[in-house]
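**Q** Dropping the structure in here first, questions after.
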Amino acid sequence: MSSPSTATAPSPIMQSGRPLVSIIITNYNYGRYLRAAIDSALAQTYPQVEVIVVDDGSTDGSREIIEAYGKRVIPIIKLNGGHGSALNAGFAASRGEIVMFLDADDELTVQAAARVVEAWRPGVAKAQFQLEMVDNRGKPLGRRVPPFNGFIPNGDIRDRIVRFGEYPSSPSSGNAYARAALTRLMPLDEAIWFAAAEKPLVFLTPFFGDVVSICAPLGRYRIHEDNDSRLKGRHLEALHRRLSAVFFVPETICAVAAAKGIELDPRVLGSTSRRIKLRMASIRLDPKTHPIAGDTRLKLLVKGIRASIREPDLAVKVRASQLIWFVVMAVGPMSVVSRLAAPGR
């Protein structure tokens with residue numbers, strides 16, 4: 001089997017006044033989790049759903065798992081081309097007016113598609129919802145992502161992104177997109193977006209319509225040794241990879257945005273508290289190998305305080321906690337720093 005042509009995307013389908021929802025599962029060597037992801041997509045209570053499973057050249061038996069589902073799913077078995085390539089292939093094969101990308105190590109609750117459609121309205125470009133964090137066996141960890149304990153974006157949030165370089169958003173599996181918005185951004189440049197390919201979609205779709213946030217866990221976000229969600233294992237190496245990889249560099253997002261007629265300032269995108277936290281953790285854990293020239297603890301402390309004060313709509317406790325984190329990370333003893341910089345912080 002090979003990937004269908006991406007030359008012409010199928011037209012969206014609407015049946016009985018209800019939009020078709022495409023759930024696109026992207027997989028690379030996650031065979032041990034793949035069945036749970038597919039089963040969760042097939043178990044949706046919403047009746048108008050198509051399930052597309054893209055295998056990006058796995059070598060772990062994932063193909064046999066996908067083939068066992070027969071006609072219940074639309075299979076795309078392709079050579080390894082990276083995350084962007086997998087998203088492109090799945091989107092090209094989809095027909096839905098609403099499109100959800102599900103990572104193969106995550107799951108959806110049975111009500112996910114129904115809740116998204118219920119919250120949908122004309123002019124929406126993206127709906128997002130919380131994910132319950134679970135371990136590699138599916139055991140709940142007692143946390144949700146994003147926590148939504150501060151600002152909850154709804155409506156037109158373009159000005160916020162331009163001014164502050166971010167907005168509270170869900171990981172890849174916690175988003176549903178309007179096909180019309182995705183068509184403005186896809187196909188993705190596969191040379192750039194070989195990993196983290198959801199980033200331009202999450203970040204730029206709000207420029208093509210409203211955002212709706214659903215404050216309920218409609219999926220499960222799996223934390224395990226093979227992903228970077230908690231930067232487990234080689235923590236410092238993972239930090240450096242995030243900071244230096246081209247798809248995490250603000251200039252990359254700005255270049256993609258500019259090609260779509262969206263003007264963004266890389267200085268704003270690079271000064272968000274989330275990115276400064278990564279830089280502070282990196283420079284404290286090992287300043288000799290820190291990948292960003294010119295950074296010092298003092299500079300990052302000042303930037304972190306400014307970002308924490310500047311970012312809007314944070315709950316008072318969250319803002320205070322963030323300020324304390326930057327101060328302790330900058331001047332605290334390594335015994336404390338190591339705990340604060342640990343995965344999941």
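Just so we're on the same page: first chain in the structure tokens is A, next is B, and so on; residues restart at 1 for each chain, and ligands are numbered from 1 in the order they show up.
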Excluding Arg306 of chain A and residues on its chain fewer than 3 positions from it, collect all residues at most 12 Å away from it, counting only C-alpha atoms, and give them as number ranges by chain.

**A** A: 164, 268, 271-273, 276, 299-303, 309-312, 319, 322-323, 326

**Q** Give me, as a PDB file with all heavy atoms, in the first residue's frame, all polymer residues having an atom no more than 9 Å from Ser85 of chain A, counting only C-alpha atoms and skipping those fewer than 2 positions away in the same chain.

**A**
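Wrote it out as selection.pdb, contents follow:
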```pdb
ATOM      1  N   ASP A  56       4.152   5.533   9.282  1.00  0.00           N
ATOM      2  CA  ASP A  56       5.279   6.217   8.638  1.00  0.00           C
ATOM      3  C   ASP A  56       6.520   5.327   8.623  1.00  0.00           C
ATOM      4  O   ASP A  56       7.557   5.681   9.180  1.00  0.00           O
ATOM      5  CB  ASP A  56       5.546   7.539   9.367  1.00  0.00           C
ATOM      6  CG  ASP A  56       6.519   8.436   8.608  1.00  0.00           C
ATOM      7  OD1 ASP A  56       6.429   8.487   7.376  1.00  0.00           O
ATOM      8  OD2 ASP A  56       7.369   9.074   9.270  1.00  0.00           O
ATOM      9  N   ASN A  80       9.166   5.860   5.560  1.00  0.00           N
ATOM     10  CA  ASN A  80       9.414   6.851   6.600  1.00  0.00           C
ATOM     11  C   ASN A  80       9.785   8.198   5.995  1.00  0.00           C
ATOM     12  O   ASN A  80      10.715   8.301   5.195  1.00  0.00           O
ATOM     13  CB  ASN A  80      10.536   6.374   7.527  1.00  0.00           C
ATOM     14  CG  ASN A  80      10.808   7.357   8.648  1.00  0.00           C
ATOM     15  OD1 ASN A  80      11.823   8.026   8.649  1.00  0.00           O
ATOM     16  ND2 ASN A  80       9.883   7.464   9.586  1.00  0.00           N
ATOM     17  N   GLY A  81       9.024   9.210   6.378  1.00  0.00           N
ATOM     18  CA  GLY A  81       9.286  10.553   5.872  1.00  0.00           C
ATOM     19  C   GLY A  81       9.195  11.616   6.936  1.00  0.00           C
ATOM     20  O   GLY A  81       9.372  12.797   6.658  1.00  0.00           O
ATOM     21  N   GLY A  82       8.887  11.209   8.177  1.00  0.00           N
ATOM     22  CA  GLY A  82       8.794  12.173   9.260  1.00  0.00           C
ATOM     23  C   GLY A  82       7.356  12.558   9.576  1.00  0.00           C
ATOM     24  O   GLY A  82       6.396  12.191   8.866  1.00  0.00           O
ATOM     25  N   HIS A  83       7.211  13.310  10.658  1.00  0.00           N
ATOM     26  CA  HIS A  83       5.890  13.656  11.172  1.00  0.00           C
ATOM     27  C   HIS A  83       5.091  14.481  10.176  1.00  0.00           C
ATOM     28  O   HIS A  83       3.903  14.231   9.930  1.00  0.00           O
ATOM     29  CB  HIS A  83       6.045  14.418  12.491  1.00  0.00           C
ATOM     30  CG  HIS A  83       4.766  14.549  13.259  1.00  0.00           C
ATOM     31  ND1 HIS A  83       4.530  15.550  14.165  1.00  0.00           N
ATOM     32  CD2 HIS A  83       3.630  13.800  13.250  1.00  0.00           C
ATOM     33  CE1 HIS A  83       3.329  15.414  14.685  1.00  0.00           C
ATOM     34  NE2 HIS A  83       2.757  14.355  14.148  1.00  0.00           N
ATOM     35  N   LEU A  87       1.398  13.626   8.520  1.00  0.00           N
ATOM     36  CA  LEU A  87       0.230  14.502   8.599  1.00  0.00           C
ATOM     37  C   LEU A  87      -0.277  14.849   7.205  1.00  0.00           C
ATOM     38  O   LEU A  87      -1.488  14.863   6.953  1.00  0.00           O
ATOM     39  CB  LEU A  87       0.570  15.773   9.369  1.00  0.00           C
ATOM     40  CG  LEU A  87       0.915  15.628  10.853  1.00  0.00           C
ATOM     41  CD1 LEU A  87       1.073  17.000  11.496  1.00  0.00           C
ATOM     42  CD2 LEU A  87      -0.133  14.819  11.607  1.00  0.00           C
ATOM     43  N   ASN A  88       0.640  15.149   6.294  1.00  0.00           N
ATOM     44  CA  ASN A  88       0.244  15.474   4.919  1.00  0.00           C
ATOM     45  C   ASN A  88      -0.513  14.322   4.271  1.00  0.00           C
ATOM     46  O   ASN A  88      -1.552  14.524   3.629  1.00  0.00           O
ATOM     47  CB  ASN A  88       1.483  15.808   4.078  1.00  0.00           C
ATOM     48  CG  ASN A  88       2.061  17.181   4.381  1.00  0.00           C
ATOM     49  OD1 ASN A  88       1.381  18.039   4.948  1.00  0.00           O
ATOM     50  ND2 ASN A  88       3.303  17.393   3.994  1.00  0.00           N
ATOM     51  N   ALA A  89       0.015  13.110   4.422  1.00  0.00           N
ATOM     52  CA  ALA A  89      -0.615  11.944   3.803  1.00  0.00           C
ATOM     53  C   ALA A  89      -2.006  11.700   4.377  1.00  0.00           C
ATOM     54  O   ALA A  89      -2.962  11.411   3.640  1.00  0.00           O
ATOM     55  CB  ALA A  89       0.263  10.715   3.995  1.00  0.00           C
ATOM     56  N   GLY A  90      -2.144  11.814   5.690  1.00  0.00           N
ATOM     57  CA  GLY A  90      -3.439  11.593   6.311  1.00  0.00           C
ATOM     58  C   GLY A  90      -4.451  12.652   5.914  1.00  0.00           C
ATOM     59  O   GLY A  90      -5.614  12.345   5.620  1.00  0.00           O
ATOM     60  N   PRO A 187      -0.179  21.427   2.233  1.00  0.00           N
ATOM     61  CA  PRO A 187       0.756  20.506   2.879  1.00  0.00           C
ATOM     62  C   PRO A 187       1.912  21.215   3.556  1.00  0.00           C
ATOM     63  O   PRO A 187       2.346  22.289   3.126  1.00  0.00           O
ATOM     64  CB  PRO A 187       1.243  19.634   1.721  1.00  0.00           C
ATOM     65  CG  PRO A 187       1.125  20.518   0.517  1.00  0.00           C
ATOM     66  CD  PRO A 187      -0.094  21.348   0.762  1.00  0.00           C
ATOM     67  N   LEU A 188       2.408  20.619   4.627  1.00  0.00           N
ATOM     68  CA  LEU A 188       3.539  21.142   5.362  1.00  0.00           C
ATOM     69  C   LEU A 188       4.836  20.879   4.594  1.00  0.00           C
ATOM     70  O   LEU A 188       4.944  19.916   3.832  1.00  0.00           O
ATOM     71  CB  LEU A 188       3.617  20.480   6.737  1.00  0.00           C
ATOM     72  CG  LEU A 188       2.421  20.703   7.666  1.00  0.00           C
ATOM     73  CD1 LEU A 188       2.486  19.732   8.832  1.00  0.00           C
ATOM     74  CD2 LEU A 188       2.384  22.136   8.156  1.00  0.00           C
ATOM     75  N   ASP A 189       5.823  21.731   4.826  1.00  0.00           N
ATOM     76  CA  ASP A 189       7.156  21.515   4.262  1.00  0.00           C
ATOM     77  C   ASP A 189       7.798  20.353   5.018  1.00  0.00           C
ATOM     78  O   ASP A 189       8.195  20.490   6.172  1.00  0.00           O
ATOM     79  CB  ASP A 189       7.991  22.789   4.404  1.00  0.00           C
ATOM     80  CG  ASP A 189       9.357  22.686   3.719  1.00  0.00           C
ATOM     81  OD1 ASP A 189       9.877  21.565   3.601  1.00  0.00           O
ATOM     82  OD2 ASP A 189       9.906  23.730   3.339  1.00  0.00           O
ATOM     83  N   GLU A 190       7.909  19.210   4.367  1.00  0.00           N
ATOM     84  CA  GLU A 190       8.366  18.001   5.046  1.00  0.00           C
ATOM     85  C   GLU A 190       9.850  18.041   5.389  1.00  0.00           C
ATOM     86  O   GLU A 190      10.301  17.330   6.295  1.00  0.00           O
ATOM     87  CB  GLU A 190       8.038  16.782   4.187  1.00  0.00           C
ATOM     88  CG  GLU A 190       6.538  16.604   4.016  1.00  0.00           C
ATOM     89  CD  GLU A 190       6.167  15.487   3.068  1.00  0.00           C
ATOM     90  OE1 GLU A 190       7.074  14.727   2.648  1.00  0.00           O
ATOM     91  OE2 GLU A 190       4.964  15.350   2.747  1.00  0.00           O
ATOM     92  N   ALA A 191      10.618  18.885   4.713  1.00  0.00           N
ATOM     93  CA  ALA A 191      12.042  19.014   5.020  1.00  0.00           C
ATOM     94  C   ALA A 191      12.249  19.706   6.363  1.00  0.00           C
ATOM     95  O   ALA A 191      13.204  19.410   7.087  1.00  0.00           O
ATOM     96  CB  ALA A 191      12.759  19.780   3.913  1.00  0.00           C
ATOM     97  N   TRP A 193       9.519  20.153   8.780  1.00  0.00           N
ATOM     98  CA  TRP A 193       8.663  19.597   9.826  1.00  0.00           C
ATOM     99  C   TRP A 193       8.738  18.087   9.866  1.00  0.00           C
ATOM    100  O   TRP A 193       7.725  17.388   9.846  1.00  0.00           O
ATOM    101  CB  TRP A 193       7.229  20.095   9.631  1.00  0.00           C
ATOM    102  CG  TRP A 193       7.149  21.575   9.665  1.00  0.00           C
ATOM    103  CD1 TRP A 193       6.966  22.421   8.611  1.00  0.00           C
ATOM    104  CD2 TRP A 193       7.291  22.409  10.821  1.00  0.00           C
ATOM    105  NE1 TRP A 193       6.976  23.727   9.033  1.00  0.00           N
ATOM    106  CE2 TRP A 193       7.179  23.755  10.382  1.00  0.00           C
ATOM    107  CE3 TRP A 193       7.508  22.152  12.181  1.00  0.00           C
ATOM    108  CZ2 TRP A 193       7.280  24.826  11.262  1.00  0.00           C
ATOM    109  CZ3 TRP A 193       7.603  23.233  13.053  1.00  0.00           C
ATOM    110  CH2 TRP A 193       7.487  24.532  12.594  1.00  0.00           C
ATOM    111  N   PHE A 194       9.960  17.561   9.931  1.00  0.00           N
ATOM    112  CA  PHE A 194      10.135  16.116  10.091  1.00  0.00           C
ATOM    113  C   PHE A 194       9.754  15.670  11.490  1.00  0.00           C
ATOM    114  O   PHE A 194       9.504  14.483  11.734  1.00  0.00           O
ATOM    115  CB  PHE A 194      11.584  15.707   9.793  1.00  0.00           C
ATOM    116  CG  PHE A 194      12.604  16.360  10.678  1.00  0.00           C
ATOM    117  CD1 PHE A 194      13.023  15.751  11.847  1.00  0.00           C
ATOM    118  CD2 PHE A 194      13.140  17.589  10.339  1.00  0.00           C
ATOM    119  CE1 PHE A 194      13.966  16.348  12.672  1.00  0.00           C
ATOM    120  CE2 PHE A 194      14.085  18.201  11.168  1.00  0.00           C
ATOM    121  CZ  PHE A 194      14.493  17.585  12.323  1.00  0.00           C
ATOM    122  N   ALA A 197       5.501  18.458  13.884  1.00  0.00           N
ATOM    123  CA  ALA A 197       4.809  19.088  12.765  1.00  0.00           C
ATOM    124  C   ALA A 197       3.472  19.706  13.146  1.00  0.00           C
ATOM    125  O   ALA A 197       2.880  20.443  12.353  1.00  0.00           O
ATOM    126  CB  ALA A 197       4.613  18.062  11.645  1.00  0.00           C
TER     127      ALA A 197
END
```

**Q** Give me the residues within 10 Å of Phe91 of chain A as a short mmCIF file (atom, residue, chain, number, x, y, z; two decimals) with N, CA, C and O atoms, in the first residue's frame, counting only C-alpha atoms and dropping any in the same chain fewer than 6 places off.

**A**
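Printed below is around_28.cif as written:
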```cif
data_model
loop_
_atom_site.label_atom_id
_atom_site.label_comp_id
_atom_site.auth_asym_id
_atom_site.auth_seq_id
_atom_site.Cartn_x
_atom_site.Cartn_y
_atom_site.Cartn_z
N THR A 6 -1.46 13.54 -3.10
CA THR A 6 -1.82 14.74 -2.35
C THR A 6 -2.17 15.89 -3.27
O THR A 6 -2.30 17.02 -2.82
N ALA A 9 -7.23 17.43 -2.63
CA ALA A 9 -7.87 16.94 -1.42
C ALA A 9 -9.34 16.69 -1.68
O ALA A 9 -10.00 17.45 -2.39
N PRO A 10 -9.91 15.62 -1.13
CA PRO A 10 -11.34 15.36 -1.30
C PRO A 10 -12.17 16.47 -0.68
O PRO A 10 -11.72 17.19 0.22
N SER A 22 -12.94 13.65 10.63
CA SER A 22 -11.83 12.75 10.27
C SER A 22 -10.87 12.66 11.45
O SER A 22 -10.36 13.67 11.92
N ILE A 23 -10.65 11.44 11.93
CA ILE A 23 -9.65 11.21 12.97
C ILE A 23 -8.46 10.53 12.30
O ILE A 23 -8.56 9.40 11.82
N ILE A 24 -7.34 11.25 12.25
CA ILE A 24 -6.14 10.78 11.56
C ILE A 24 -5.11 10.37 12.61
O ILE A 24 -4.62 11.21 13.36
N ILE A 52 -8.55 7.26 9.85
CA ILE A 52 -7.43 7.08 8.93
C ILE A 52 -6.20 6.79 9.76
O ILE A 52 -5.91 7.52 10.72
N VAL A 54 -2.15 6.34 9.55
CA VAL A 54 -0.95 6.52 8.73
C VAL A 54 0.23 5.89 9.44
O VAL A 54 0.57 6.30 10.57
N SER A 85 5.35 14.59 6.96
CA SER A 85 4.95 13.73 5.86
C SER A 85 3.72 12.89 6.21
O SER A 85 2.81 12.72 5.40
N VAL A 99 -11.18 18.00 11.37
CA VAL A 99 -10.07 17.05 11.30
C VAL A 99 -9.36 17.01 12.64
O VAL A 99 -9.00 18.06 13.19
N MET A 100 -9.15 15.81 13.16
CA MET A 100 -8.43 15.61 14.41
C MET A 100 -7.21 14.74 14.13
O MET A 100 -7.33 13.69 13.49
N PHE A 101 -6.04 15.16 14.60
CA PHE A 101 -4.82 14.36 14.48
C PHE A 101 -4.54 13.72 15.84
O PHE A 101 -4.34 14.41 16.84
N ARG A 179 -11.35 22.11 8.37
CA ARG A 179 -10.64 21.77 7.16
C ARG A 179 -10.21 23.02 6.40
O ARG A 179 -9.12 23.08 5.84
N LEU A 182 -6.97 24.27 7.85
CA LEU A 182 -5.83 23.42 7.53
C LEU A 182 -5.41 23.58 6.07
O LEU A 182 -4.22 23.52 5.75
N THR A 183 -6.38 23.80 5.20
CA THR A 183 -6.06 23.96 3.78
C THR A 183 -5.17 25.17 3.55
O THR A 183 -4.38 25.20 2.61
N MET A 186 -1.55 23.57 4.83
CA MET A 186 -1.04 22.29 4.36
C MET A 186 -1.09 22.22 2.84
O MET A 186 -1.91 22.89 2.22
N PRO A 187 -0.18 21.43 2.23
CA PRO A 187 0.76 20.51 2.88
C PRO A 187 1.91 21.21 3.56
O PRO A 187 2.35 22.29 3.13
#
```

**Q** Find, counting only C-alpha atoms, the residue in A:Arg160, A:Thr289, A:Ser213, A:Ala176 that gets nearest to Leu269 of chain A.

**A**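 That would be A:Arg160, the residue with the smallest distance to Leu269 of chain A.
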
**Q** Please provide as a ChimeraX atom specification all residues within 7 Å of segment 105-113 of chain A, with the sequence filter that same-chain residues fewer than 6 positions apart are discarded (counting only C-alpha atoms).

**A** /A:30,33-34,36-37,40-41,43-46,173,218-222
